[in-house]
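Colleague: Here you go, this is query-v1.txt (compact mmCIF, C-alpha atoms).
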# COMPACT_ATOMS: atom_id res chain seq x y z
CA MET Y 660 -26.63 -54.19 -28.46
CA LYS Y 661 -23.37 -53.81 -26.52
CA THR Y 662 -21.57 -52.28 -29.51
CA LYS Y 663 -24.40 -49.76 -29.97
CA MET Y 664 -23.97 -48.71 -26.33
CA ILE Y 665 -20.20 -48.33 -26.74
CA VAL Y 666 -20.66 -46.30 -29.94
CA ALA Y 667 -23.21 -44.04 -28.20
CA CYS Y 668 -20.80 -43.50 -25.27
CA LEU Y 669 -17.96 -42.67 -27.66
CA ILE Y 670 -20.15 -40.18 -29.52
CA CYS Y 671 -21.13 -38.53 -26.22
CA LEU Y 672 -17.49 -38.33 -25.16
CA GLY Y 673 -16.57 -36.95 -28.56
CA LEU Y 674 -19.11 -34.17 -28.10
CA VAL Y 675 -18.31 -33.39 -24.47
CA LEU Y 676 -14.49 -33.45 -24.46
CA PRO Y 677 -13.97 -30.62 -27.00
CA ALA Y 678 -15.96 -28.35 -24.66
CA CYS Y 679 -13.19 -28.71 -22.07
CA GLY Y 680 -10.63 -26.00 -22.62
CA LYS Y 681 -9.72 -22.43 -21.88
CA LYS Y 682 -12.35 -20.52 -20.00
CA GLY Y 683 -13.00 -16.82 -20.31
CA ALA Y 684 -14.19 -14.30 -22.82
CA PRO Y 685 -12.89 -14.72 -26.36
CA ILE Y 686 -10.08 -12.34 -27.28
CA PRO Y 687 -9.55 -11.32 -30.90
CA GLN Y 688 -6.33 -12.71 -32.33
CA ASP Y 689 -5.67 -9.72 -34.61
CA GLN Y 690 -2.62 -8.35 -32.76
CA LYS Y 691 -1.88 -5.60 -35.27
CA ASN Y 692 -4.98 -3.67 -34.10
CA ARG Y 693 -4.29 -3.97 -30.37
CA PHE Y 694 -2.70 -1.50 -27.99
CA ALA Y 695 -1.62 -1.76 -24.35
CA TRP Y 696 -0.73 0.53 -21.47
CA LYS Y 697 2.99 0.76 -20.74
CA THR Y 698 3.27 3.30 -17.89
CA GLU Y 699 0.94 5.52 -15.90
CA ASP Y 700 1.39 8.20 -13.23
CA ALA Y 701 -0.69 10.91 -11.57
CA GLN Y 702 0.16 13.93 -9.46
CA PHE Y 703 -1.81 16.68 -7.79
CA ILE Y 704 -1.61 20.15 -9.29
CA GLY Y 705 -3.29 23.39 -8.19
CA ASN Y 706 -6.88 23.48 -6.90
CA GLY Y 707 -6.94 19.74 -6.16
CA CYS Y 708 -6.80 18.79 -9.85
CA LEU Y 709 -4.85 15.82 -11.18
CA ALA Y 710 -2.24 15.68 -13.92
CA VAL Y 711 -2.18 12.16 -15.36
CA THR Y 712 0.59 10.98 -17.68
CA ALA Y 713 0.42 7.59 -19.37
CA SER Y 714 2.06 5.87 -22.31
CA MET Y 715 0.78 3.19 -24.67
CA THR Y 716 2.33 0.79 -27.12
CA GLY Y 717 0.86 -0.91 -30.14
CA ALA Y 718 -1.81 0.40 -32.50
CA VAL Y 719 -2.55 3.62 -30.60
CA HIS Y 720 -4.26 5.03 -33.71
CA ASN Y 721 -7.13 2.63 -32.85
CA VAL Y 722 -7.88 4.30 -29.52
CA ASP Y 723 -11.48 5.49 -29.61
CA SER Y 724 -11.69 7.22 -26.22
CA PHE Y 725 -10.22 7.42 -22.72
CA LEU Y 726 -12.05 7.11 -19.42
CA LEU Y 727 -10.69 8.08 -15.99
CA GLU Y 728 -12.14 6.23 -13.00
CA LEU Y 729 -11.59 7.73 -9.53
CA GLU Y 730 -12.27 6.61 -6.00
CA PRO Y 731 -11.66 9.32 -3.38
CA LEU Y 732 -9.76 8.25 -0.27
CA THR Y 733 -9.77 10.37 2.87
CA PRO Y 734 -12.15 13.03 1.55
CA GLN Y 735 -11.54 16.51 2.86
CA THR Y 736 -13.85 17.41 5.70
CA ASP Y 737 -16.68 19.84 5.18
CA PRO Y 738 -16.70 22.39 8.04
CA ASP Y 739 -20.44 22.95 7.59
CA LEU Y 740 -21.31 19.34 8.44
CA PRO Y 741 -21.29 17.59 11.82
CA PRO Y 742 -18.11 15.50 12.36
CA GLU Y 743 -19.87 12.14 11.85
CA LEU Y 744 -21.06 13.23 8.39
CA ALA Y 745 -18.01 15.20 7.32
CA VAL Y 746 -15.93 12.20 6.15
CA ALA Y 747 -17.05 9.23 4.06
CA SER Y 748 -16.13 6.12 6.01
CA ASP Y 749 -16.66 3.55 3.25
CA THR Y 750 -13.43 4.26 1.38
CA CYS Y 751 -10.11 2.71 2.27
CA ALA Y 752 -6.85 1.77 0.58
CA GLY Y 753 -7.37 -2.00 1.02
CA CYS Y 754 -11.04 -2.12 -0.03
CA PRO Y 755 -12.09 -3.32 -3.49
CA PHE Y 756 -11.84 -0.61 -6.13
CA THR Y 757 -15.25 1.01 -6.54
CA PRO Y 758 -14.95 4.17 -8.62
CA ARG Y 759 -17.21 6.93 -7.35
CA GLU Y 760 -16.47 9.14 -10.33
CA SER Y 761 -15.99 8.22 -13.96
CA SER Y 762 -15.34 10.71 -16.73
CA GLU Y 763 -14.43 10.55 -20.39
CA ILE Y 764 -11.27 12.60 -20.84
CA VAL Y 765 -9.36 13.96 -23.81
CA PRO Y 766 -5.56 14.21 -23.77
CA GLN Y 767 -4.16 17.74 -23.64
CA GLU Y 768 -0.92 16.49 -25.12
CA ARG Y 769 0.07 13.52 -27.26
CA ALA Y 770 3.73 12.77 -27.95
CA ALA Y 771 4.65 9.90 -30.24
CA GLY Y 772 7.98 8.24 -29.53
CA ASP Y 773 9.93 5.31 -30.99
CA LYS Y 774 8.44 2.63 -28.75
CA ALA Y 775 5.44 4.31 -27.09
CA THR Y 776 3.03 7.22 -27.31
CA ARG Y 777 2.75 9.45 -24.23
CA TYR Y 778 -0.55 11.09 -23.28
CA THR Y 779 -1.06 13.88 -20.74
CA PHE Y 780 -4.46 14.52 -19.16
CA THR Y 781 -5.67 17.08 -16.62
CA TYR Y 782 -8.79 16.41 -14.59
CA CYS Y 783 -10.46 18.20 -11.68
CA PRO Y 784 -12.53 15.74 -9.60
CA SER Y 785 -15.93 16.82 -8.34
CA VAL Y 786 -15.26 15.24 -4.93
CA LYS Y 787 -12.20 16.88 -3.36
CA ALA Y 788 -9.98 14.48 -1.45
CA ALA Y 789 -6.42 14.24 -0.15
CA ALA Y 790 -5.89 10.95 -2.03
CA TYR Y 791 -7.49 8.94 -4.83
CA ARG Y 792 -7.32 5.46 -6.23
CA TRP Y 793 -7.58 5.65 -10.01
CA ARG Y 794 -7.20 3.87 -13.32
CA LEU Y 795 -7.40 4.73 -16.99
CA VAL Y 796 -9.54 2.84 -19.48
CA ALA Y 797 -8.90 2.94 -23.23
CA ARG Y 798 -11.56 1.83 -25.70
CA ASN Y 799 -10.69 0.43 -29.11
CA VAL Y 800 -12.46 1.58 -32.28
CA PHE Y 801 -13.04 -2.11 -32.97
CA LYS Y 802 -15.78 -3.04 -30.50
CA ALA Y 803 -14.76 -6.72 -30.48
CA PHE Y 804 -11.57 -5.85 -28.60
CA PRO Y 805 -11.75 -5.63 -24.80
CA PHE Y 806 -11.07 -2.35 -22.98
CA GLU Y 807 -7.45 -1.83 -21.94
CA LEU Y 808 -7.19 -1.01 -18.22
CA THR Y 809 -4.23 0.36 -16.30
CA PRO Y 810 -3.49 -1.17 -12.92
CA ILE Y 811 -5.23 0.58 -10.03
CA ARG Y 812 -2.92 3.28 -8.69
CA THR Y 813 -3.03 5.64 -5.70
CA VAL Y 814 -2.13 9.32 -5.76
CA GLU Y 815 -1.72 11.33 -2.56
CA GLN Y 816 -1.48 15.05 -2.10
CA GLN Y 817 1.95 16.08 -0.81
CA ARG Y 818 1.82 17.87 2.52
CA PRO Y 819 4.05 20.93 2.86
CA LEU Y 820 7.11 20.46 5.07
CA PRO Y 821 6.94 22.32 8.42
Just give me the structure as C-alpha cells.
Modeller:
Amino acid sequence: MKTKMIVACLICLGLVLPACGKKGAPIPQDQKNRFAWKTEDAQFIGNGCLAVTASMTGAVHNVDSFLLELEPLTPQTDPDLPPELAVASDTCAGCPFTPRESSEIVPQERAAGDKATRYTFTYCPSVKAAAYRWRLVARNVFKAFPFELTPIRTVEQQRPLP
C-alpha cells in the first residue's frame, strides 16, 4: 500500500514539474522570417504633420503592414471653447501610453541598405498638438509571429527663437 502511494506521488510530481518553466506567449523559433526595428525618429513638418523615419533589420520582405499609434500631449487650445474645455487634461508625459489615434500607414520611401532598410512615412494627425508620444507597429505576413513595436518616443514641435 505504501509503495502504491509513493508511485502515485511520483507520477503526480512527474506530471506537475514539467509545467514549471518559462512563462509568456510562445514565440516562433523560425528566425529567418523575423524582422526587428533598429532606429526610429519623428519630426514636425509643415501644417502640424509628422515625418517619421525608421529602419528595420532582418526579413523586412515579410512586413505585411505598418501602424502608427499617437497620443497627443499638450493639445493646442481651441479659441472657440471656454478655457476649462480647451485643453485635454488627461494626457501627460509620465502617464501610461494610451494612443488616442491609430492609423495604418504606407511608407513614402523605402531604401534598402547593407545592414538595414530605412522607411520614411508622413502622417497628419487629426488632433493637432504641440507634442505627441508615438510608436510604430509592424505586422508580419506570418500571423504566428508577434507584432514588432518600436519603443514609445516623444516628438515636440520646435518653437521659433525670439
Colleague: Report, in Å to a single decimal, how far apart atom CA of Leu709 of chain Y and atom CA of Pro755 of chain Y are.
Modeller: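 Atom CA of Pro755 of chain Y sits 21.9 Å away from atom CA of Leu709 of chain Y.
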Colleague: To one decimal place, how far is atom CA of Glu768 of chain Y from atom CA of Thr781 of chain Y in Å?
Modeller: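 Rounded to one decimal, the two atoms are 9.8 Å apart.
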Colleague: Tell me, as a ChimeraX atom specification, which residues lie within 10 Å of segment 793-795 of chain Y, counting all atoms listed in the file; anything in the same chain fewer than 4 positions away does not count.
Modeller: /Y:696,699-701,711,713,725-731,756-758,760-764,806-814
Colleague: Report the distance between atom CA of Ser724 of chain Y and atom CA of Arg798 of chain Y in Å, rounded to one decimal place.
Modeller: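 Atom-to-atom, atom CA of Ser724 of chain Y to atom CA of Arg798 of chain Y, that is 5.4 Å.
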Colleague: Of the candidates Y:Ala771, Y:Met715, Y:Phe804, Y:Phe703, which shows the shortest atom-to-atom distance to Ala789 of chain Y, using all atoms listed in the file?
Modeller: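 Closest to Ala789 of chain Y, using all atoms listed in the file: Y:Phe703.
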Colleague: Nearest to Arg693 of chain Y: which of Y:Pro784, Y:Val800, Y:Ile665, Y:Gln817 is it, counting all atoms listed in the file?
Modeller: Y:Val800
Colleague: Nearest residue to Thr779 of chain Y out of Y:Ala803, Y:Val765, Y:Met664, Y:Ile704, using only C-alpha atoms?
Modeller: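 Comparing Y:Ala803, Y:Val765, Y:Met664, Y:Ile704 against Thr779 of chain Y, the winner is Y:Val765.
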Colleague: Nearest to Asp723 of chain Y among Y:Phe694, Y:Gly753, Y:Tyr791, Y:Glu815, with distances taken over all atoms listed in the file: which residue is it?
Modeller: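 Checking each candidate against Asp723 of chain Y, we get Y:Phe694 as the closest.
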Colleague: Mind giving me the axis-aligned box for segment 805-810 of chain Y with 6 Å on every side, centre plus edges in Å to one decimal, as AutoDock Vina command-line options?
Modeller:
--center_x -7.6 --center_y -2.6 --center_z -18.9 --size_x 20.3 --size_y 18.0 --size_z 23.9
Colleague: Using all atoms listed in the file, give me every residue within 6 Å of (5.9, 4.8, -20.9) in file coordinates, as a list in words.
Modeller: Lys697, Thr698 and Ser714 of chain Y
Colleague: Could you write segment 798-814 of chain Y as a PDB file, keeping the file's coordinate frame, with N, CA, C and O atoms rebuilt where they are missing?
Modeller:
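And here is the file that came out, rebuild07.pdb:
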ATOM      1  N   ARG Y 798     -10.644   2.607 -24.860  1.00  0.00           N
ATOM      2  CA  ARG Y 798     -11.560   1.830 -25.700  1.00  0.00           C
ATOM      3  C   ARG Y 798     -11.017   1.783 -27.124  1.00  0.00           C
ATOM      4  O   ARG Y 798     -10.527   2.767 -27.639  1.00  0.00           O
ATOM      5  N   ASN Y 799     -11.146   0.634 -27.742  1.00  0.00           N
ATOM      6  CA  ASN Y 799     -10.690   0.430 -29.110  1.00  0.00           C
ATOM      7  C   ASN Y 799     -11.807   0.789 -30.084  1.00  0.00           C
ATOM      8  O   ASN Y 799     -12.988   0.625 -29.764  1.00  0.00           O
ATOM      9  N   VAL Y 800     -11.450   1.283 -31.261  1.00  0.00           N
ATOM     10  CA  VAL Y 800     -12.460   1.580 -32.280  1.00  0.00           C
ATOM     11  C   VAL Y 800     -13.143   0.301 -32.755  1.00  0.00           C
ATOM     12  O   VAL Y 800     -14.290   0.337 -33.184  1.00  0.00           O
ATOM     13  N   PHE Y 801     -12.448  -0.819 -32.641  1.00  0.00           N
ATOM     14  CA  PHE Y 801     -13.040  -2.110 -32.970  1.00  0.00           C
ATOM     15  C   PHE Y 801     -13.704  -2.641 -31.707  1.00  0.00           C
ATOM     16  O   PHE Y 801     -13.047  -2.995 -30.728  1.00  0.00           O
ATOM     17  N   LYS Y 802     -15.012  -2.697 -31.709  1.00  0.00           N
ATOM     18  CA  LYS Y 802     -15.780  -3.040 -30.500  1.00  0.00           C
ATOM     19  C   LYS Y 802     -15.553  -4.477 -30.037  1.00  0.00           C
ATOM     20  O   LYS Y 802     -15.861  -4.807 -28.899  1.00  0.00           O
ATOM     21  N   ALA Y 803     -15.013  -5.340 -30.874  1.00  0.00           N
ATOM     22  CA  ALA Y 803     -14.760  -6.720 -30.480  1.00  0.00           C
ATOM     23  C   ALA Y 803     -13.584  -6.825 -29.498  1.00  0.00           C
ATOM     24  O   ALA Y 803     -13.485  -7.787 -28.753  1.00  0.00           O
ATOM     25  N   PHE Y 804     -12.721  -5.825 -29.490  1.00  0.00           N
ATOM     26  CA  PHE Y 804     -11.570  -5.850 -28.600  1.00  0.00           C
ATOM     27  C   PHE Y 804     -11.983  -5.417 -27.197  1.00  0.00           C
ATOM     28  O   PHE Y 804     -12.785  -4.483 -27.043  1.00  0.00           O
ATOM     29  N   PRO Y 805     -11.422  -6.042 -26.172  1.00  0.00           N
ATOM     30  CA  PRO Y 805     -11.750  -5.630 -24.800  1.00  0.00           C
ATOM     31  C   PRO Y 805     -11.119  -4.280 -24.473  1.00  0.00           C
ATOM     32  O   PRO Y 805     -10.160  -3.861 -25.118  1.00  0.00           O
ATOM     33  N   PHE Y 806     -11.659  -3.606 -23.454  1.00  0.00           N
ATOM     34  CA  PHE Y 806     -11.070  -2.350 -22.980  1.00  0.00           C
ATOM     35  C   PHE Y 806      -9.699  -2.644 -22.399  1.00  0.00           C
ATOM     36  O   PHE Y 806      -9.469  -3.710 -21.824  1.00  0.00           O
ATOM     37  N   GLU Y 807      -8.774  -1.714 -22.547  1.00  0.00           N
ATOM     38  CA  GLU Y 807      -7.450  -1.830 -21.940  1.00  0.00           C
ATOM     39  C   GLU Y 807      -7.456  -1.006 -20.650  1.00  0.00           C
ATOM     40  O   GLU Y 807      -7.715   0.197 -20.685  1.00  0.00           O
ATOM     41  N   LEU Y 808      -7.172  -1.642 -19.534  1.00  0.00           N
ATOM     42  CA  LEU Y 808      -7.190  -1.010 -18.220  1.00  0.00           C
ATOM     43  C   LEU Y 808      -5.787  -0.885 -17.660  1.00  0.00           C
ATOM     44  O   LEU Y 808      -4.988  -1.819 -17.770  1.00  0.00           O
ATOM     45  N   THR Y 809      -5.492   0.247 -17.036  1.00  0.00           N
ATOM     46  CA  THR Y 809      -4.230   0.360 -16.300  1.00  0.00           C
ATOM     47  C   THR Y 809      -4.424  -0.334 -14.963  1.00  0.00           C
ATOM     48  O   THR Y 809      -5.558  -0.528 -14.522  1.00  0.00           O
ATOM     49  N   PRO Y 810      -3.342  -0.678 -14.297  1.00  0.00           N
ATOM     50  CA  PRO Y 810      -3.490  -1.170 -12.920  1.00  0.00           C
ATOM     51  C   PRO Y 810      -4.069  -0.045 -12.048  1.00  0.00           C
ATOM     52  O   PRO Y 810      -3.949   1.132 -12.377  1.00  0.00           O
ATOM     53  N   ILE Y 811      -4.682  -0.411 -10.953  1.00  0.00           N
ATOM     54  CA  ILE Y 811      -5.230   0.580 -10.030  1.00  0.00           C
ATOM     55  C   ILE Y 811      -4.067   1.213  -9.279  1.00  0.00           C
ATOM     56  O   ILE Y 811      -3.233   0.524  -8.702  1.00  0.00           O
ATOM     57  N   ARG Y 812      -4.005   2.520  -9.327  1.00  0.00           N
ATOM     58  CA  ARG Y 812      -2.920   3.280  -8.690  1.00  0.00           C
ATOM     59  C   ARG Y 812      -3.505   4.195  -7.619  1.00  0.00           C
ATOM     60  O   ARG Y 812      -4.702   4.487  -7.612  1.00  0.00           O
ATOM     61  N   THR Y 813      -2.635   4.684  -6.737  1.00  0.00           N
ATOM     62  CA  THR Y 813      -3.030   5.640  -5.700  1.00  0.00           C
ATOM     63  C   THR Y 813      -2.182   6.888  -5.843  1.00  0.00           C
ATOM     64  O   THR Y 813      -0.979   6.802  -6.067  1.00  0.00           O
ATOM     65  N   VAL Y 814      -2.834   8.037  -5.736  1.00  0.00           N
ATOM     66  CA  VAL Y 814      -2.130   9.320  -5.760  1.00  0.00           C
ATOM     67  C   VAL Y 814      -2.520  10.061  -4.479  1.00  0.00           C
ATOM     68  O   VAL Y 814      -3.684  10.079  -4.097  1.00  0.00           O
TER      69      VAL Y 814
END
